[in-house]
$ cat data-v1.txt   # compact mmCIF, C-alpha atoms
# COMPACT_ATOMS: atom_id res chain seq x y z
CA MET Q 1 0.00 0.00 0.00
CA LYS Q 2 1.37 3.37 -1.02
CA THR Q 3 1.75 5.81 1.83
CA THR Q 4 0.02 9.14 1.51
CA GLU Q 5 1.95 12.32 1.00
CA SER Q 6 2.49 14.17 4.23
CA LYS Q 7 3.35 17.81 4.65
CA THR Q 8 6.14 16.89 7.05
CA GLY Q 9 7.90 14.90 4.37
CA GLY Q 10 6.49 11.47 5.02
CA THR Q 11 7.68 11.21 8.60
CA PRO Q 12 6.68 7.77 9.82
CA SER Q 13 5.10 8.96 13.05
CA PRO Q 14 3.33 6.09 14.82
CA THR Q 15 0.62 8.40 16.11
CA ASP Q 16 -0.32 10.12 12.84
CA ARG Q 17 -2.33 7.42 11.13
CA ILE Q 18 -4.64 4.50 11.53
CA GLN Q 19 -4.92 1.80 8.92
CA ARG Q 20 -7.30 -1.11 8.76
CA SER Q 21 -7.80 -3.74 6.10
CA ILE Q 22 -10.81 -6.00 5.80
CA GLN Q 23 -11.91 -8.70 3.39
CA LEU Q 24 -15.54 -8.44 2.27
CA GLN Q 25 -17.40 -11.34 0.66
CA ALA Q 26 -19.40 -9.16 -1.69
CA PRO Q 27 -19.12 -7.89 -5.27
CA LEU Q 28 -17.05 -4.77 -5.91
CA ALA Q 29 -20.10 -2.84 -7.11
CA ARG Q 30 -21.96 -3.69 -3.89
CA VAL Q 31 -19.11 -2.46 -1.68
CA TRP Q 32 -18.72 0.69 -3.75
CA ARG Q 33 -22.40 1.47 -3.31
CA ALA Q 34 -22.19 0.98 0.47
CA LEU Q 35 -19.40 3.58 0.54
CA SER Q 36 -20.48 6.07 -2.10
CA ASP Q 37 -24.23 6.23 -1.49
CA ALA Q 38 -24.82 8.65 1.39
CA ARG Q 39 -27.83 6.74 2.68
CA GLU Q 40 -26.00 3.40 2.68
CA PHE Q 41 -22.91 4.96 4.23
CA GLY Q 42 -25.10 6.37 6.98
CA THR Q 43 -26.61 2.95 7.71
CA TRP Q 44 -23.40 1.24 8.72
CA PHE Q 45 -21.60 4.35 9.94
CA ARG Q 46 -24.57 5.34 12.13
CA VAL Q 47 -25.11 8.84 10.76
CA GLU Q 48 -27.92 10.57 8.91
CA LEU Q 49 -26.51 12.64 6.06
CA ASP Q 50 -28.27 15.56 4.40
CA ARG Q 51 -27.18 15.18 0.77
CA ASP Q 52 -25.59 12.94 -1.82
CA PHE Q 53 -21.85 12.43 -2.06
CA ALA Q 54 -19.96 14.14 -4.88
CA PRO Q 55 -16.33 15.24 -5.19
CA GLY Q 56 -15.97 18.63 -3.47
CA ALA Q 57 -19.30 18.37 -1.65
CA GLU Q 58 -19.72 19.40 1.95
CA ILE Q 59 -22.05 17.00 3.72
CA GLY Q 60 -23.80 17.68 7.00
CA GLY Q 61 -25.66 15.27 9.19
CA ARG Q 62 -26.15 13.92 12.65
CA VAL Q 63 -25.25 10.85 14.61
CA THR Q 64 -28.11 8.37 14.79
CA TYR Q 65 -27.54 6.24 17.81
CA PRO Q 66 -29.66 6.73 20.88
CA GLY Q 67 -28.32 9.29 23.31
CA TYR Q 68 -25.99 10.84 20.71
CA GLU Q 69 -28.53 12.43 18.35
CA HIS Q 70 -27.54 15.97 19.34
CA ILE Q 71 -24.14 15.46 17.76
CA ARG Q 72 -23.85 17.21 14.41
CA PHE Q 73 -21.56 15.75 11.84
CA ARG Q 74 -19.81 17.30 8.84
CA MET Q 75 -17.53 15.93 6.18
CA TRP Q 76 -15.95 17.05 2.94
CA ILE Q 77 -15.80 14.64 0.02
CA GLU Q 78 -12.57 14.76 -1.98
CA ARG Q 79 -12.10 11.95 -4.49
CA MET Q 80 -14.55 9.43 -5.88
CA GLU Q 81 -13.01 6.97 -8.32
CA PRO Q 82 -15.70 4.33 -8.79
CA GLU Q 83 -14.86 0.92 -7.34
CA ARG Q 84 -11.31 2.05 -6.53
CA LEU Q 85 -10.96 5.01 -4.23
CA PHE Q 86 -13.12 7.19 -2.02
CA THR Q 87 -11.59 9.95 0.11
CA LEU Q 88 -13.00 12.51 2.48
CA ARG Q 89 -12.01 14.78 5.32
CA TRP Q 90 -13.60 15.40 8.69
CA HIS Q 91 -12.90 16.48 12.23
CA PRO Q 92 -12.28 13.27 14.12
CA ALA Q 93 -14.34 12.75 17.27
CA ALA Q 94 -15.87 16.22 16.96
CA VAL Q 95 -18.56 15.40 19.49
CA ASP Q 96 -18.81 18.48 21.70
CA PRO Q 97 -21.68 20.69 20.42
CA GLN Q 98 -20.20 23.68 22.31
CA VAL Q 99 -16.96 23.59 20.37
CA ASP Q 100 -16.32 25.21 16.98
CA TYR Q 101 -14.05 22.77 15.20
CA SER Q 102 -14.10 24.62 11.88
CA LYS Q 103 -10.72 26.31 12.28
CA GLU Q 104 -8.95 23.10 13.19
CA PRO Q 105 -7.11 20.73 10.87
CA THR Q 106 -9.09 17.79 9.52
CA THR Q 107 -8.00 14.20 9.12
CA LEU Q 108 -7.99 12.51 5.71
CA VAL Q 109 -9.95 9.29 5.39
CA GLU Q 110 -9.19 7.03 2.41
CA PHE Q 111 -11.12 3.95 1.39
CA ARG Q 112 -9.23 1.83 -1.13
CA LEU Q 113 -10.92 -1.09 -2.85
CA GLU Q 114 -9.13 -3.97 -4.44
CA PRO Q 115 -10.78 -7.00 -6.06
CA VAL Q 116 -9.66 -10.31 -4.58
CA ALA Q 117 -10.86 -13.89 -5.00
CA GLY Q 118 -14.41 -14.08 -3.65
CA GLY Q 119 -14.78 -10.42 -2.91
CA VAL Q 120 -13.06 -7.19 -2.09
CA ARG Q 121 -10.18 -6.10 0.09
CA LEU Q 122 -11.01 -2.74 1.63
CA THR Q 123 -8.25 -0.69 3.22
CA VAL Q 124 -9.16 2.33 5.32
CA THR Q 125 -6.52 4.85 6.26
CA GLU Q 126 -7.16 7.86 8.45
CA SER Q 127 -4.21 10.22 8.72
CA GLY Q 128 -3.28 13.67 9.99
CA PHE Q 129 -3.70 13.10 13.71
CA ASP Q 130 -0.31 14.64 14.48
CA LYS Q 131 -1.59 17.98 13.19
CA LEU Q 132 -4.44 18.15 15.67
CA PRO Q 133 -4.09 20.42 18.69
CA ALA Q 134 -2.99 18.45 21.72
CA HIS Q 135 -5.95 19.51 23.84
CA ARG Q 136 -8.35 18.22 21.19
CA ARG Q 137 -6.82 14.80 21.29
CA ASP Q 138 -6.89 14.69 25.05
CA GLU Q 139 -10.54 15.73 25.00
CA ALA Q 140 -11.52 13.32 22.25
CA PHE Q 141 -9.71 10.63 24.12
CA ARG Q 142 -11.92 11.18 27.16
CA MET Q 143 -15.11 11.59 25.14
CA ASN Q 144 -14.58 8.31 23.37
CA SER Q 145 -14.22 6.30 26.50
CA GLY Q 146 -17.67 5.17 27.51
CA GLY Q 147 -19.01 5.35 23.96
CA TRP Q 148 -17.40 2.06 23.16
CA ASP Q 149 -19.97 -0.10 24.94
CA VAL Q 150 -22.64 1.46 22.73
CA GLN Q 151 -20.60 0.62 19.62
CA VAL Q 152 -20.18 -3.00 20.64
CA GLU Q 153 -23.92 -3.32 21.20
CA ASN Q 154 -24.59 -1.80 17.73
CA ILE Q 155 -22.39 -4.36 16.07
CA ARG Q 156 -23.98 -7.22 17.99
CA GLN Q 157 -27.44 -6.11 16.91
CA HIS Q 158 -26.48 -5.55 13.30
CA VAL Q 159 -24.62 -8.82 12.87
CA GLY Q 160 -27.21 -10.81 14.79
CA ARG Q 161 -30.04 -9.61 12.60
CA MET B 17 -23.39 11.16 26.43
CA SER B 18 -24.59 12.52 29.74
CA VAL B 19 -24.64 16.18 30.67
CA ALA B 20 -22.27 15.46 33.52
CA ARG B 21 -19.78 13.99 31.10
CA THR B 22 -19.94 17.02 28.80
CA LYS B 23 -19.45 19.43 31.68
CA ARG B 24 -16.53 17.52 33.03
CA GLY B 25 -15.06 17.40 29.54
CA GLN B 26 -15.36 21.16 29.16
CA LEU B 27 -13.74 21.84 32.49
CA ALA B 28 -10.87 19.59 31.67
CA THR B 29 -10.61 21.12 28.19
CA ALA B 30 -10.33 24.62 29.63
CA GLY B 31 -7.31 23.47 31.59
CA LEU B 32 -5.77 21.86 28.55
CA ARG B 33 -6.36 24.65 26.06
CA ASP B 34 -2.85 26.04 26.50
CA ALA B 35 -1.28 22.62 26.43
CA ALA B 36 1.81 22.34 24.27
CA PRO B 37 1.33 21.04 20.72
CA LEU B 38 2.30 17.49 21.51
CA PHE B 39 1.41 16.03 18.19
CA ALA B 40 3.04 18.74 16.12
CA ALA B 41 6.19 18.02 18.09
CA LEU B 42 6.04 14.41 16.95
CA GLY B 43 5.72 15.23 13.27
CA ASP B 44 9.41 15.69 12.58
CA ARG B 45 11.97 13.10 11.59
CA THR B 46 14.86 14.50 13.65
CA ARG B 47 12.74 14.75 16.76
CA LEU B 48 11.47 11.22 16.30
CA ARG B 49 15.08 10.05 16.04
CA LEU B 50 15.96 11.90 19.23
CA LEU B 51 13.00 10.28 20.96
CA ALA B 52 14.11 6.87 19.74
CA ARG B 53 17.55 7.43 21.27
CA LEU B 54 16.09 8.72 24.52
CA ALA B 55 13.87 5.65 24.66
CA ARG B 56 17.05 3.70 25.39
CA GLY B 57 17.81 5.87 28.42
CA PRO B 58 18.73 9.42 29.48
CA HIS B 59 21.35 11.15 27.35
CA SER B 60 23.41 14.31 27.62
CA ILE B 61 23.55 16.78 24.71
CA THR B 62 27.12 15.70 24.10
CA ARG B 63 26.11 12.10 23.67
CA LEU B 64 23.12 13.02 21.54
CA SER B 65 25.40 15.05 19.26
CA GLU B 66 27.77 12.14 18.70
CA ARG B 67 27.07 10.32 15.45
CA ALA B 68 24.36 12.86 14.64
CA ASP B 69 24.45 14.62 11.29
CA ILE B 70 23.10 17.84 12.72
CA SER B 71 24.68 20.46 14.96
CA ARG B 72 24.53 20.54 18.71
CA GLN B 73 22.66 23.82 18.39
CA ALA B 74 19.97 22.22 16.23
CA ILE B 75 19.64 19.35 18.67
CA THR B 76 19.19 21.83 21.53
CA LYS B 77 16.38 23.48 19.55
CA HIS B 78 14.61 20.19 18.85
CA LEU B 79 14.94 19.17 22.50
CA ALA B 80 13.32 22.46 23.49
CA VAL B 81 10.32 21.65 21.25
CA LEU B 82 10.06 18.19 22.78
CA MET B 83 10.25 19.64 26.28
CA ARG B 84 7.53 22.20 25.56
CA ALA B 85 5.35 19.35 24.33
CA GLY B 86 5.97 17.48 27.57
CA LEU B 87 7.65 14.57 25.79
CA VAL B 88 11.08 15.08 27.30
CA ARG B 89 12.32 16.47 30.60
CA ASP B 90 15.78 17.49 31.64
CA THR B 91 17.68 16.87 34.82
CA ARG B 92 20.98 18.33 35.87
CA LEU B 93 23.71 15.83 36.58
CA GLY B 94 26.77 17.70 37.83
CA ARG B 95 27.65 20.22 35.16
CA GLU B 96 25.66 18.56 32.40
CA ARG B 97 22.00 18.45 31.58
CA HIS B 98 20.54 15.06 30.87
CA PHE B 99 17.45 14.56 28.76
CA GLU B 100 14.97 11.86 29.50
CA LEU B 101 11.80 10.57 27.88
CA GLU B 102 8.45 11.43 29.49
CA ARG B 103 6.74 8.15 28.72
CA ALA B 104 3.25 8.94 29.96
CA ARG B 105 2.72 11.61 27.28
CA LEU B 106 3.77 9.33 24.45
CA ASP B 107 1.57 6.56 25.79
CA ALA B 108 -1.42 8.94 25.73
CA ALA B 109 -0.80 9.73 22.06
CA ARG B 110 -0.59 6.07 21.18
CA ALA B 111 -3.68 5.23 23.20
CA TYR B 112 -5.63 7.86 21.28
CA VAL B 113 -4.96 6.43 17.82
CA GLU B 114 -5.61 2.95 19.17
CA ARG B 115 -8.99 4.08 20.38
CA ILE B 116 -9.95 5.68 17.06
CA GLY B 117 -8.69 2.49 15.45
CA ARG B 118 -11.10 0.44 17.52
CA GLN B 119 -13.94 2.71 16.37
CA TRP B 120 -12.94 1.90 12.81
CA ASP B 121 -13.01 -1.80 13.69
CA GLY B 122 -16.60 -1.33 14.83
CA ALA B 123 -17.61 0.64 11.74
CA LEU B 124 -15.96 -1.88 9.40
CA ALA B 125 -17.66 -4.79 11.16
CA ARG B 126 -20.99 -3.07 10.51
CA LEU B 127 -20.03 -2.40 6.89
CA LYS B 128 -19.16 -6.09 6.48
CA ALA B 129 -22.54 -7.12 7.86
CA HIS B 130 -24.16 -4.53 5.63
CA VAL B 131 -22.67 -5.68 2.32
CA GLU B 132 -22.62 -9.41 3.04
CA GLY B 133 -26.08 -9.58 4.57
$ encode --input "data-v1.txt" --output "structure tokens"
Amino acid sequence: MKTTESKTGGTPSPTDRIQRSIQLQAPLARVWRALSDAREFGTWFRVELDRDFAPGAEIGGRVTYPGYEHIRFRMWIERMEPERLFTLRWHPAAVDPQVDYSKEPTTLVEFRLEPVAGGVRLTVTESGFDKLPAHRRDEAFRMNSGGWDVQVENIRQHVGR
Amino acid sequence: MSVARTKRGQLATAGLRDAAPLFAALGDRTRLRLLARLARGPHSITRLSERADISRQAITKHLAVLMRAGLVRDTRLGRERHFELERARLDAARAYVERIGRQWDGALARLKAHVEG
């Protein structure tokens, strides 16, 4: 996997990026639709989005799981190369409604799709964490703890259906 | 999220607002190298300058950035200052990306169920 260009010259900081790879037993077109269709994306990502995805589009929305509905959500679509690459930017863990995150750096999220035998290998990379203000990371760190039990329950319900 | 949690978060945030830019401090190759050397134990500037391809002055500057970010602290040993890694801060940074990573694990598990179902 090619590493993304970084403004600090590709410094391999261990805290700047997250990468995950998953094998999906589904056709490429099906996976692409789950990523590129705003309604489908919202279903598995647990957000309600206000408009369709398109390169350059700013998308607003809100979190859909119980107890978190007051959390507004915004993302900026960058690249959409059908069945290959989908990239966007957002403010990670921007969950405090009192805070204006708009002046802060965003992280870049990349979804890369690759056909493999029996399905698709999807690689997600989120990068740019080293550019975030330190207090934001500390705060997000605290906010996220406690939300995890809810996430686990969501997965259990979705998979068990 | 409960109201209590939000309030507590805000209070804590107010205290942290002036915190040093920890993660900007990490985004530099020279500083990462210095951290890697300090991970093996405390070093003096003299020892850090040995085998380094940058000047002692530049190293001093990078160490100052790392100290402001709370990643490194100095102690005086006789006439020389020794620099030492502040592990707790680095652990917090790593814990953060691990946590976001686990959120991705959850989202991807739901995506898998979504497209395979």
$ residues_near_point --input "data-v1.txt" --point "(-32.3, 14.8, 10.0)" --cutoff "7 Å" --atoms "only C-alpha atoms" --output "PyMOL selection string"
chain Q and resi 48+50+61-62
$ atom_distance --input "data-v1.txt" --atom1 "atom CA of Arg20 of chain Q" --atom2 "atom CA of Phe86 of chain Q"
14.8 Å
$ residues_around --input "data-v1.txt" --residues "Ser60 of chain B" --least-positions-apart "4" --cutoff "7 Å" --atoms "all atoms listed in the file" --output "list in words"
Leu64, Glu96, Arg97, His98 and Phe99 of chain B
$ write_last_selection --input "data-v1.txt" --atoms "C-alpha atoms" --output "short mmCIF file (atom, residue, chain, number, x, y, z; two decimals), in the frame of the given file"
data_model
loop_
_atom_site.label_atom_id
_atom_site.label_comp_id
_atom_site.auth_asym_id
_atom_site.auth_seq_id
_atom_site.Cartn_x
_atom_site.Cartn_y
_atom_site.Cartn_z
CA LEU B 64 23.12 13.02 21.54
CA GLU B 96 25.66 18.56 32.40
CA ARG B 97 22.00 18.45 31.58
CA HIS B 98 20.54 15.06 30.87
CA PHE B 99 17.45 14.56 28.76
#
$ closest_residue --input "data-v1.txt" --among "B:Ala74, B:Ile61, B:Ala104, B:Leu42" --to "chain Q" --atoms "only C-alpha atoms"
B:Leu42
$ residues_around --input "data-v1.txt" --residues "Gln23 of chain Q" --least-positions-apart "5" --cutoff "9 Å" --atoms "only C-alpha atoms" --output "list of chain:residue names"
Q:Val116, Q:Gly119, Q:Val120, Q:Arg121, Q:Leu122, Q:Thr123, B:Lys128
$ atom_distance --input "data-v1.txt" --atom1 "atom CA of Val63 of chain Q" --atom2 "atom CA of Arg46 of chain Q"
6.1 Å
$ closest_residue --input "data-v1.txt" --among "B:Gly133, B:Leu127, B:Arg92, B:Ala55" --to "chain Q" --atoms "all atoms listed in the file"
B:Leu127
$ atom_distance --input "data-v1.txt" --atom1 "atom CA of Glu58 of chain Q" --atom2 "atom CA of Gly117 of chain B"
24.3 Å
$ closest_residue --input "data-v1.txt" --among "B:Ala52, B:Ala111, B:Ala41, B:Leu124" --to "Gly86 of chain B" --atoms "only C-alpha atoms"
B:Ala41
$ closest_residue --input "data-v1.txt" --among "B:Val81, B:Leu101, B:Leu87, B:Leu48" --to "chain Q" --atoms "all atoms listed in the file"
B:Leu48
$ closest_residue --input "data-v1.txt" --among "Q:Tyr65, Q:Trp32, Q:Trp44, Q:Phe111" --to "Ala125 of chain B" --atoms "all atoms listed in the file"
Q:Trp44
$ residues_around --input "data-v1.txt" --residues "segment 82-85 of chain Q" --least-positions-apart "2" --cutoff "12 Å" --atoms "only C-alpha atoms" --output "PyMOL selection string"
chain Q and resi 27-37+54-55+77-80+87-88+109-115+120-125
$ closest_residue --input "data-v1.txt" --among "B:Leu50, B:Ala85, B:Ala123, B:Ile75" --to "chain Q" --atoms "only C-alpha atoms"
B:Ala123
$ residues_near_point --input "data-v1.txt" --point "(12.5, 15.0, 14.0)" --cutoff "10 Å" --atoms "all atoms listed in the file" --output "PDB file with C-alpha atoms, in the frame of the given file"
ATOM      1  CA  THR Q   8       6.140  16.890   7.050  1.00  0.00           C
ATOM      2  CA  THR Q  11       7.680  11.210   8.600  1.00  0.00           C
ATOM      3  CA  SER Q  13       5.100   8.960  13.050  1.00  0.00           C
TER       4      SER Q  13
ATOM      5  CA  ALA B  41       6.190  18.020  18.090  1.00  0.00           C
ATOM      6  CA  LEU B  42       6.040  14.410  16.950  1.00  0.00           C
ATOM      7  CA  GLY B  43       5.720  15.230  13.270  1.00  0.00           C
ATOM      8  CA  ASP B  44       9.410  15.690  12.580  1.00  0.00           C
ATOM      9  CA  ARG B  45      11.970  13.100  11.590  1.00  0.00           C
ATOM     10  CA  THR B  46      14.860  14.500  13.650  1.00  0.00           C
ATOM     11  CA  ARG B  47      12.740  14.750  16.760  1.00  0.00           C
ATOM     12  CA  LEU B  48      11.470  11.220  16.300  1.00  0.00           C
ATOM     13  CA  ARG B  49      15.080  10.050  16.040  1.00  0.00           C
ATOM     14  CA  LEU B  50      15.960  11.900  19.230  1.00  0.00           C
ATOM     15  CA  LEU B  51      13.000  10.280  20.960  1.00  0.00           C
ATOM     16  CA  ILE B  75      19.640  19.350  18.670  1.00  0.00           C
ATOM     17  CA  HIS B  78      14.610  20.190  18.850  1.00  0.00           C
ATOM     18  CA  LEU B  79      14.940  19.170  22.500  1.00  0.00           C
ATOM     19  CA  LEU B  82      10.060  18.190  22.780  1.00  0.00           C
TER      20      LEU B  82
END
$ build_atoms --input "data-v1.txt" --residues "segment 75-102 of chain Q" --atoms "N, CA and C atoms" --output "short mmCIF file (atom, residue, chain, number, x, y, z; two decimals), in the coordinates of the input"
data_model
loop_
_atom_site.label_atom_id
_atom_site.label_comp_id
_atom_site.auth_asym_id
_atom_site.auth_seq_id
_atom_site.Cartn_x
_atom_site.Cartn_y
_atom_site.Cartn_z
N MET Q 75 -18.70 16.47 6.88
CA MET Q 75 -17.53 15.93 6.18
C MET Q 75 -17.42 16.51 4.78
N TRP Q 76 -16.22 16.47 4.25
CA TRP Q 76 -15.95 17.05 2.94
C TRP Q 76 -15.44 15.94 2.03
N ILE Q 77 -16.18 15.70 0.95
CA ILE Q 77 -15.80 14.64 0.02
C ILE Q 77 -14.69 15.15 -0.89
N GLU Q 78 -13.66 14.36 -1.08
CA GLU Q 78 -12.57 14.76 -1.98
C GLU Q 78 -12.59 13.97 -3.28
N ARG Q 79 -12.20 12.71 -3.23
CA ARG Q 79 -12.10 11.95 -4.49
C ARG Q 79 -13.09 10.79 -4.51
N MET Q 80 -13.68 10.58 -5.69
CA MET Q 80 -14.55 9.43 -5.88
C MET Q 80 -14.16 8.78 -7.20
N GLU Q 81 -13.39 7.72 -7.12
CA GLU Q 81 -13.01 6.97 -8.32
C GLU Q 81 -13.71 5.63 -8.21
N PRO Q 82 -14.82 5.48 -8.97
CA PRO Q 82 -15.70 4.33 -8.79
C PRO Q 82 -14.98 2.99 -8.66
N GLU Q 83 -15.35 2.26 -7.61
CA GLU Q 83 -14.86 0.92 -7.34
C GLU Q 83 -13.37 0.86 -7.08
N ARG Q 84 -12.75 2.03 -6.82
CA ARG Q 84 -11.31 2.05 -6.53
C ARG Q 84 -10.97 2.86 -5.29
N LEU Q 85 -11.43 4.10 -5.27
CA LEU Q 85 -10.96 5.01 -4.23
C LEU Q 85 -12.03 6.02 -3.84
N PHE Q 86 -12.19 6.20 -2.55
CA PHE Q 86 -13.12 7.19 -2.02
C PHE Q 86 -12.41 7.90 -0.88
N THR Q 87 -12.27 9.23 -0.97
CA THR Q 87 -11.59 9.95 0.11
C THR Q 87 -12.42 11.12 0.60
N LEU Q 88 -12.28 11.39 1.87
CA LEU Q 88 -13.00 12.51 2.48
C LEU Q 88 -12.20 13.04 3.66
N ARG Q 89 -12.63 14.20 4.13
CA ARG Q 89 -12.01 14.78 5.32
C ARG Q 89 -13.07 15.08 6.35
N TRP Q 90 -12.69 15.00 7.61
CA TRP Q 90 -13.60 15.40 8.69
C TRP Q 90 -12.78 15.76 9.92
N HIS Q 91 -13.52 16.22 10.94
CA HIS Q 91 -12.90 16.48 12.23
C HIS Q 91 -13.13 15.24 13.07
N PRO Q 92 -12.08 14.52 13.39
CA PRO Q 92 -12.28 13.27 14.12
C PRO Q 92 -12.83 13.52 15.52
N ALA Q 93 -13.77 12.69 15.91
CA ALA Q 93 -14.34 12.75 17.27
C ALA Q 93 -14.79 14.15 17.65
N ALA Q 94 -15.39 14.85 16.69
CA ALA Q 94 -15.87 16.22 16.96
C ALA Q 94 -17.24 16.14 17.61
N VAL Q 95 -17.28 15.77 18.87
CA VAL Q 95 -18.56 15.40 19.49
C VAL Q 95 -19.08 16.42 20.49
N ASP Q 96 -18.34 17.50 20.73
CA ASP Q 96 -18.81 18.48 21.70
C ASP Q 96 -19.56 19.60 20.98
N PRO Q 97 -20.91 19.69 21.15
CA PRO Q 97 -21.68 20.69 20.42
C PRO Q 97 -21.28 22.13 20.77
N GLN Q 98 -20.60 22.33 21.88
CA GLN Q 98 -20.20 23.68 22.31
C GLN Q 98 -18.93 24.15 21.60
N VAL Q 99 -18.27 23.25 20.92
CA VAL Q 99 -16.96 23.59 20.37
C VAL Q 99 -17.06 23.86 18.87
N ASP Q 100 -16.41 24.93 18.41
CA ASP Q 100 -16.32 25.21 16.98
C ASP Q 100 -15.04 24.57 16.45
N TYR Q 101 -15.21 23.50 15.70
CA TYR Q 101 -14.05 22.77 15.20
C TYR Q 101 -13.55 23.31 13.85
N SER Q 102 -14.31 24.28 13.30
CA SER Q 102 -14.10 24.62 11.88
C SER Q 102 -12.71 25.16 11.57
#
